Amino acid sequence: MQRALISIGVSLGIALLGIATLLISNGLGFTAATRIRHLPQNEQTQTNHAEQPPLDSEAPAVPTNLGATHITLTAIALAWDAATDDVGVAGYRLYERVRANPYLWLWLLRVDDIPSPTVTVADLAPGSQHRYAVSAFDLAGNESAKSAILHLYTYQAPQAYHPLSDGENIFAVAGEPFNYTVAALGVPAPTFTFMAGPTGMTVEASSGLVSWLPGADDVGIITATVRAANIAGVDDHTFSFPVHPAGTDLTPPGPVTQLAATDVTEHGATLTWGAATDNVGVAGYRVIAQLAGHGQSLFLAGDTGAPVTTFTVTTLQPATSYRLWVAAYDAAGNIASISGAAPVQLLTLGTPSTTPTATATLSPTAVPTLTPTETPSPTGTATPAPSVQIRIAPTNPSASDIISITVAGVHPNNCTPHYERHEVAGNLIQIESAPSDEPFCLPAEFPWEYTVTVGTLAAGDYTVTHTLEDMVTHTFFTVSDTEMEEPIPPYIYTGDGNHPITVTAGALFSYTIEVDGVPKPTLVLVEAPPGMSLDLLSGALAWTPPLEASPVVTVTVRAVNSVGSDEHTFLLHIWPPEISTEGPERKLHLPLIRR
């Protein structure tokens, strides 16, 4: 009975399902069913258009009258006339035109979503230049073309200085016009004002040219101050100089020309040159020498004593590289500067000598005791002839200095020479060494030296002659009237020159040139890109590379003082701002200034 009831129920369910399917297929359905109406194609399109608003494809008008409303050292405030749009302007974008390299200009998006026609760009470098343009956009994403480019600079406070020339000696002579130039960095260009100084001294406001006619009452030391000023600040430049009596010859001779070396020997060479000129007349020439390499002292290698144009140098060491200059002097004692003059390069003949390692202590009448710190072993090779070098201490002595003379050399065996005698006769100092009387000599190179103290000497030029058997060596030095600090030639610390210096275009680059020397060296930019500045005393180097700068820039700095010079050349690798290649367009990213 139970199985019969189940069979009847199943049959009834199948029947009801068939009836429902038939009703749906005939469109009768139930109230919960949804009817689907198939519209013709044209009717369906019209219905969709009626439900959506029309698309906005028209871009806003181009903004006009872009200008700066306020400029400081590190910020620029901009404003422009509001743009118009058929629906409405949603905002503005500020772009900057930059040159990524010498061949590629790019637009950088500097500020996005600017709600009103004003914006301030901050965190800029003082004295930096910028090219801006703005565009407008609407809610539909339409963007106008860019406005006309606005080219402007941030302000930079003045930095006043005197553009020092190599070998420049600043002085005035009573009755003769005196000129001096004060220059200044700064944006806008500073103007100059005379602040303090002698009566009658003036300065041109735009050029900074100082003019003055000193009189007889002005003889002495004069101090003056010129101020450079612009809207960003002021800076004073104070300078001092001597005024000499009328008729004083203070003009040094000019440089020699066509300096050449011939007939090179173990101890020198024959130099020839074209005559220098002087306002009164050249009295003679000095040969100035310097060992090749950094930080080497200048020394006097010869003096012609007459206005001749040839001289044979005999005071150099064998197999050694030197730089030689010739400087003219006149009867008044003015000496031509060698700063900027090209030396002749010279390598003497012979076998290189070892560095002297012996020490000696000598009073003028005592025989020195030599104590070599290392005893060379015999090598079985030929040994060079003995050579002698004479050194003066201090290097540039004054009349108040106690002067000593060191005689040093390398001998071909251990029977080294020794002190015999010395004599000071006027401006001639004669020193004699005697050969060793040892009966047996070991063939090897042995250094030797001793020092003679000659005490104080009157101001003037001196000649030193050293004699060892038939070998005679000369050197020359000058004693000045005034006491001077022991001079040291300039030496520029180069650090690790193997690491390149990288600079970002548009960013301020600061670098300090470290240099030692006595007197304190003056720094000069020999080769540098436009706009690079160098503090001549502190060595502070500053430059903001323009975006169109070359990828690699060469900079050469020279340090100069009275006893020598040194140069350092390095490369700056200029990198553009960060470049990416996302998507089909090339984009350049800078930090955005947020509202």
# chains A, B, ... in the order shown; residues from 1 in each chain; ligands from 1

call {"tool": "residues_around", "arguments": {"residues": "region 63-72 of chain A", "least_positions_apart": "2", "cutoff": "6 Å", "atoms": "only C-alpha atoms", "output": "ChimeraX atom specification"}}
result
/A:74-81,83,147,155

call {"tool": "write_last_selection", "arguments": {"atoms": "N, CA and C atoms", "output": "mmCIF file, in the first residue's frame"}}
result
data_model
loop_
_atom_site.group_PDB
_atom_site.id
_atom_site.type_symbol
_atom_site.label_atom_id
_atom_site.label_comp_id
_atom_site.auth_asym_id
_atom_site.auth_seq_id
_atom_site.Cartn_x
_atom_site.Cartn_y
_atom_site.Cartn_z
ATOM 1 N N THR A 74 64.469 81.422 -2.037
ATOM 2 C CA THR A 74 64.178 79.994 -2.230
ATOM 3 C C THR A 74 62.759 79.721 -2.707
ATOM 4 N N ALA A 75 61.971 80.746 -3.028
ATOM 5 C CA ALA A 75 60.578 80.510 -3.418
ATOM 6 C C ALA A 75 60.135 81.537 -4.454
ATOM 7 N N ILE A 76 59.157 81.127 -5.278
ATOM 8 C CA ILE A 76 58.558 82.003 -6.286
ATOM 9 C C ILE A 76 57.046 81.843 -6.199
ATOM 10 N N ALA A 77 56.325 82.953 -6.020
ATOM 11 C CA ALA A 77 54.863 82.944 -6.021
ATOM 12 C C ALA A 77 54.378 83.372 -7.401
ATOM 13 N N LEU A 78 53.488 82.575 -8.003
ATOM 14 C CA LEU A 78 52.997 82.817 -9.354
ATOM 15 C C LEU A 78 51.495 83.052 -9.333
ATOM 16 N N ALA A 79 51.014 83.812 -10.307
ATOM 17 C CA ALA A 79 49.576 84.036 -10.484
ATOM 18 C C ALA A 79 49.303 84.224 -11.966
ATOM 19 N N TRP A 80 48.054 83.971 -12.375
ATOM 20 C CA TRP A 80 47.660 84.105 -13.770
ATOM 21 C C TRP A 80 46.157 84.354 -13.833
ATOM 22 N N ASP A 81 45.694 84.785 -15.003
ATOM 23 C CA ASP A 81 44.262 85.009 -15.195
ATOM 24 C C ASP A 81 43.549 83.667 -15.290
ATOM 25 N N ALA A 83 41.269 80.673 -16.313
ATOM 26 C CA ALA A 83 40.830 80.160 -17.609
ATOM 27 C C ALA A 83 39.312 79.971 -17.612
ATOM 28 N N SER A 147 50.437 77.697 -21.225
ATOM 29 C CA SER A 147 50.540 79.140 -21.402
ATOM 30 C C SER A 147 51.915 79.511 -21.956
ATOM 31 N N TYR A 155 66.023 85.002 -6.047
ATOM 32 C CA TYR A 155 66.982 85.995 -5.582
ATOM 33 C C TYR A 155 68.210 85.316 -4.968
#

call {"tool": "residues_around", "arguments": {"residues": "Ala125 (chain A)", "least_positions_apart": "5", "cutoff": "9 Å", "atoms": "only C-alpha atoms", "output": "MDAnalysis selection string"}}
result
chainID A and resid 73:75 154:156 506:508 544

call {"tool": "write_last_selection", "arguments": {"atoms": "C-alpha atoms", "output": "compact mmCIF listing (two decimals), in the first residue's frame"}}
result
# COMPACT_ATOMS: atom_id res chain seq x y z
CA LEU A 73 65.89 83.41 -2.24
CA THR A 74 64.18 79.99 -2.23
CA ALA A 75 60.58 80.51 -3.42
CA THR A 154 65.21 83.29 -7.55
CA TYR A 155 66.98 85.99 -5.58
CA GLN A 156 70.55 85.59 -4.36
CA GLY A 506 69.39 72.17 -11.30
CA ALA A 507 70.72 71.41 -7.79
CA LEU A 508 73.30 73.48 -5.91
CA THR A 544 74.16 75.22 -9.88

call {"tool": "select_by_dssp", "arguments": {"residues": "region 50-274 of chain A", "states": "strand (DSSP E)", "output": "PyMOL selection string"}}
result
chain A and resi 64-71+76-81+89-101+104-114+118-121+129-138+150-153+156-161+172-173+178-181+183-187+191-196+202-203+209-212+220-230+233-244+257-262+270-274

call {"tool": "residues_around", "arguments": {"residues": "region 274-288 of chain A", "least_positions_apart": "6", "cutoff": "10 Å", "atoms": "only C-alpha atoms", "output": "PyMOL selection string"}}
result
chain A and resi 249-260+298-313+323-336+338+343+476

call {"tool": "write_last_selection", "arguments": {"atoms": "N, CA and C atoms", "output": "compact mmCIF listing (two decimals), in the first residue's frame"}}
result
# COMPACT_ATOMS: atom_id res chain seq x y z
N ASP A 249 109.62 103.41 -8.98
CA ASP A 249 109.44 102.40 -10.04
C ASP A 249 108.93 101.11 -9.38
N LEU A 250 107.68 100.83 -9.57
CA LEU A 250 107.05 99.64 -8.99
C LEU A 250 106.54 98.69 -10.06
N THR A 251 106.89 98.97 -11.29
CA THR A 251 106.40 98.13 -12.39
C THR A 251 107.41 97.02 -12.69
N PRO A 252 107.03 95.77 -12.48
CA PRO A 252 107.97 94.68 -12.78
C PRO A 252 108.09 94.48 -14.28
N PRO A 253 109.18 93.89 -14.71
CA PRO A 253 109.32 93.59 -16.14
C PRO A 253 108.25 92.59 -16.60
N GLY A 254 108.08 92.51 -17.89
CA GLY A 254 107.15 91.55 -18.45
C GLY A 254 107.77 90.16 -18.52
N PRO A 255 107.02 89.19 -18.99
CA PRO A 255 107.54 87.82 -19.06
C PRO A 255 108.51 87.65 -20.22
N VAL A 256 109.36 86.66 -20.10
CA VAL A 256 110.22 86.29 -21.21
C VAL A 256 109.40 85.46 -22.20
N THR A 257 109.93 85.30 -23.39
CA THR A 257 109.23 84.52 -24.42
C THR A 257 110.15 83.42 -24.95
N GLN A 258 109.54 82.41 -25.53
CA GLN A 258 110.27 81.35 -26.24
C GLN A 258 111.37 80.72 -25.39
N LEU A 259 111.04 80.42 -24.14
CA LEU A 259 112.01 79.76 -23.26
C LEU A 259 112.28 78.34 -23.76
N ALA A 260 113.56 77.98 -23.89
CA ALA A 260 113.93 76.66 -24.40
C ALA A 260 115.19 76.18 -23.70
N LEU A 298 110.06 76.16 -4.78
CA LEU A 298 110.85 76.85 -5.79
C LEU A 298 112.22 77.17 -5.21
N PHE A 299 113.24 77.13 -6.03
CA PHE A 299 114.56 77.55 -5.57
C PHE A 299 115.28 78.25 -6.73
N LEU A 300 116.22 79.10 -6.34
CA LEU A 300 116.97 79.88 -7.32
C LEU A 300 118.09 79.01 -7.89
N ALA A 301 118.06 78.80 -9.19
CA ALA A 301 119.05 77.95 -9.84
C ALA A 301 120.11 78.74 -10.58
N GLY A 302 119.95 80.06 -10.68
CA GLY A 302 120.95 80.86 -11.38
C GLY A 302 120.52 82.30 -11.51
N ASP A 303 121.48 83.18 -11.75
CA ASP A 303 121.23 84.61 -11.94
C ASP A 303 122.23 85.11 -12.98
N THR A 304 121.70 85.72 -14.04
CA THR A 304 122.59 86.18 -15.11
C THR A 304 123.42 87.39 -14.69
N GLY A 305 122.85 88.24 -13.80
CA GLY A 305 123.56 89.45 -13.40
C GLY A 305 123.63 90.51 -14.47
N ALA A 306 123.09 90.25 -15.64
CA ALA A 306 123.13 91.19 -16.76
C ALA A 306 121.95 90.87 -17.68
N PRO A 307 121.53 91.82 -18.51
CA PRO A 307 120.37 91.59 -19.39
C PRO A 307 120.70 90.74 -20.61
N VAL A 308 121.25 89.54 -20.37
CA VAL A 308 121.54 88.62 -21.46
C VAL A 308 120.38 87.65 -21.61
N THR A 309 120.34 86.91 -22.70
CA THR A 309 119.21 86.02 -22.96
C THR A 309 119.64 84.56 -23.09
N THR A 310 120.75 84.21 -22.45
CA THR A 310 121.17 82.81 -22.39
C THR A 310 121.90 82.57 -21.08
N PHE A 311 121.75 81.36 -20.55
CA PHE A 311 122.40 81.03 -19.27
C PHE A 311 122.51 79.52 -19.17
N THR A 312 123.63 79.05 -18.61
CA THR A 312 123.84 77.62 -18.42
C THR A 312 123.66 77.28 -16.95
N VAL A 313 122.70 76.41 -16.66
CA VAL A 313 122.41 75.97 -15.29
C VAL A 313 123.32 74.79 -14.97
N ARG A 323 111.14 71.62 -13.39
CA ARG A 323 110.49 72.69 -14.14
C ARG A 323 111.32 73.95 -13.94
N LEU A 324 111.61 74.65 -15.03
CA LEU A 324 112.46 75.84 -14.96
C LEU A 324 111.72 77.04 -15.54
N TRP A 325 111.82 78.17 -14.84
CA TRP A 325 111.30 79.45 -15.32
C TRP A 325 112.44 80.46 -15.38
N VAL A 326 112.27 81.48 -16.17
CA VAL A 326 113.19 82.61 -16.20
C VAL A 326 112.38 83.86 -15.92
N ALA A 327 112.79 84.64 -14.91
CA ALA A 327 112.08 85.86 -14.51
C ALA A 327 113.03 87.04 -14.59
N ALA A 328 112.59 88.10 -15.26
CA ALA A 328 113.41 89.30 -15.40
C ALA A 328 113.26 90.18 -14.16
N TYR A 329 114.28 90.97 -13.86
CA TYR A 329 114.20 91.97 -12.78
C TYR A 329 114.84 93.26 -13.26
N ASP A 330 114.44 94.37 -12.60
CA ASP A 330 114.99 95.67 -12.99
C ASP A 330 115.86 96.22 -11.86
N ALA A 331 116.41 97.41 -12.08
CA ALA A 331 117.33 97.99 -11.11
C ALA A 331 116.64 98.36 -9.81
N ALA A 332 115.32 98.58 -9.85
CA ALA A 332 114.58 98.93 -8.63
C ALA A 332 114.23 97.70 -7.80
N GLY A 333 114.56 96.51 -8.29
CA GLY A 333 114.27 95.29 -7.53
C GLY A 333 112.96 94.64 -7.86
N ASN A 334 112.23 95.17 -8.83
CA ASN A 334 110.97 94.54 -9.24
C ASN A 334 111.27 93.28 -10.05
N ILE A 335 110.62 92.19 -9.69
CA ILE A 335 110.84 90.91 -10.35
C ILE A 335 109.57 90.48 -11.05
N ALA A 336 109.70 90.01 -12.26
CA ALA A 336 108.54 89.55 -13.02
C ALA A 336 107.93 88.33 -12.34
N ILE A 338 106.12 84.70 -12.22
CA ILE A 338 106.11 83.48 -13.05
C ILE A 338 104.75 82.79 -12.98
N PRO A 343 106.58 76.78 -17.83
CA PRO A 343 107.98 76.43 -17.60
C PRO A 343 108.50 75.53 -18.71
N PHE A 476 122.07 80.14 -5.48
CA PHE A 476 121.86 81.56 -5.21
C PHE A 476 120.65 81.70 -4.29

call {"tool": "atom_distance", "arguments": {"atom1": "CA of Tyr493 (chain A)", "atom2": "CA of Asp516 (chain A)"}}
result
8.1 Å

call {"tool": "closest_residue", "arguments": {"among": "A:His130, A:Ala459, A:Ala160, A:Gly186", "to": "Arg99 (chain A)", "atoms": "only C-alpha atoms"}}
result
A:His130

call {"tool": "atom_distance", "arguments": {"atom1": "CA of Tyr511 (chain A)", "atom2": "CA of Met532 (chain A)"}}
result
11.0 Å

call {"tool": "closest_residue", "arguments": {"among": "A:Phe239, A:Tyr491, A:Phe440, A:Tyr95", "to": "Gly293 (chain A)", "atoms": "only C-alpha atoms"}}
result
A:Tyr491

call {"tool": "residues_around", "arguments": {"residues": "Glu143 (chain A)", "least_positions_apart": "3", "cutoff": "8 Å", "atoms": "only C-alpha atoms", "output": "PDB file with N, CA and C atoms, in the first residue's frame"}}
result
ATOM      1  N   ALA A  59      38.216  71.318 -24.292  1.00  0.00           N
ATOM      2  CA  ALA A  59      39.207  71.686 -23.280  1.00  0.00           C
ATOM      3  C   ALA A  59      39.026  73.136 -22.853  1.00  0.00           C
ATOM      4  N   PRO A  60      39.449  73.474 -21.637  1.00  0.00           N
ATOM      5  CA  PRO A  60      39.389  74.875 -21.202  1.00  0.00           C
ATOM      6  C   PRO A  60      40.291  75.762 -22.059  1.00  0.00           C
ATOM      7  N   SER A 135      48.634  75.144 -17.292  1.00  0.00           N
ATOM      8  CA  SER A 135      47.517  74.682 -18.111  1.00  0.00           C
ATOM      9  C   SER A 135      46.306  74.528 -17.205  1.00  0.00           C
ATOM     10  N   ALA A 136      45.114  74.497 -17.817  1.00  0.00           N
ATOM     11  CA  ALA A 136      43.859  74.292 -17.082  1.00  0.00           C
ATOM     12  C   ALA A 136      43.240  72.966 -17.516  1.00  0.00           C
ATOM     13  N   PHE A 137      42.466  72.344 -16.605  1.00  0.00           N
ATOM     14  CA  PHE A 137      41.766  71.106 -16.946  1.00  0.00           C
ATOM     15  C   PHE A 137      40.370  71.132 -16.323  1.00  0.00           C
ATOM     16  N   ASP A 138      39.432  70.337 -16.913  1.00  0.00           N
ATOM     17  CA  ASP A 138      38.068  70.272 -16.386  1.00  0.00           C
ATOM     18  C   ASP A 138      37.791  68.888 -15.810  1.00  0.00           C
TER      19      ASP A 138
END

call {"tool": "closest_residue", "arguments": {"among": "A:Leu523, A:Leu271, A:Val182, A:Ala100", "to": "Trp575 (chain A)", "atoms": "only C-alpha atoms"}}
result
A:Ala100

call {"tool": "residues_around", "arguments": {"residues": "Thr504 (chain A)", "least_positions_apart": "2", "cutoff": "12 Å", "atoms": "only C-alpha atoms", "output": "list in words"}}
result
Ala100, Asn101, Ile501, Thr502, Gly506, Ala507, Leu508, Phe509, Ser510, Trp543, Thr544, Pro545, Pro546, Leu547, Glu548, Ala549, Ser550, Pro551, Val552, Leu572, His573, Ile574, Trp575, Pro576, Pro577, Glu578 and Ile579 of chain A

call {"tool": "atom_distance", "arguments": {"atom1": "CA of Asp236 (chain A)", "atom2": "CA of Gln129 (chain A)"}}
result
25.4 Å

call {"tool": "residues_around", "arguments": {"residues": "His267 (chain A)", "least_positions_apart": "6", "cutoff": "6 Å", "atoms": "only C-alpha atoms", "output": "list of chain:residue names"}}
result
A:Thr314, A:Thr315, A:Leu316, A:Gln317, A:Pro318

call {"tool": "write_last_selection", "arguments": {"atoms": "N, CA and C atoms", "output": "compact mmCIF listing (two decimals), in the first residue's frame"}}
result
# COMPACT_ATOMS: atom_id res chain seq x y z
N THR A 314 123.96 74.83 -13.77
CA THR A 314 124.90 73.76 -13.39
C THR A 314 124.64 73.24 -11.99
N THR A 315 123.48 73.54 -11.39
CA THR A 315 123.27 73.24 -9.97
C THR A 315 122.22 72.16 -9.73
N LEU A 316 121.81 71.41 -10.75
CA LEU A 316 120.74 70.43 -10.60
C LEU A 316 121.31 69.03 -10.33
N GLN A 317 120.42 68.14 -9.85
CA GLN A 317 120.81 66.76 -9.57
C GLN A 317 120.71 65.91 -10.83
N PRO A 318 121.52 64.86 -10.95
CA PRO A 318 121.43 63.99 -12.12
C PRO A 318 120.12 63.20 -12.15
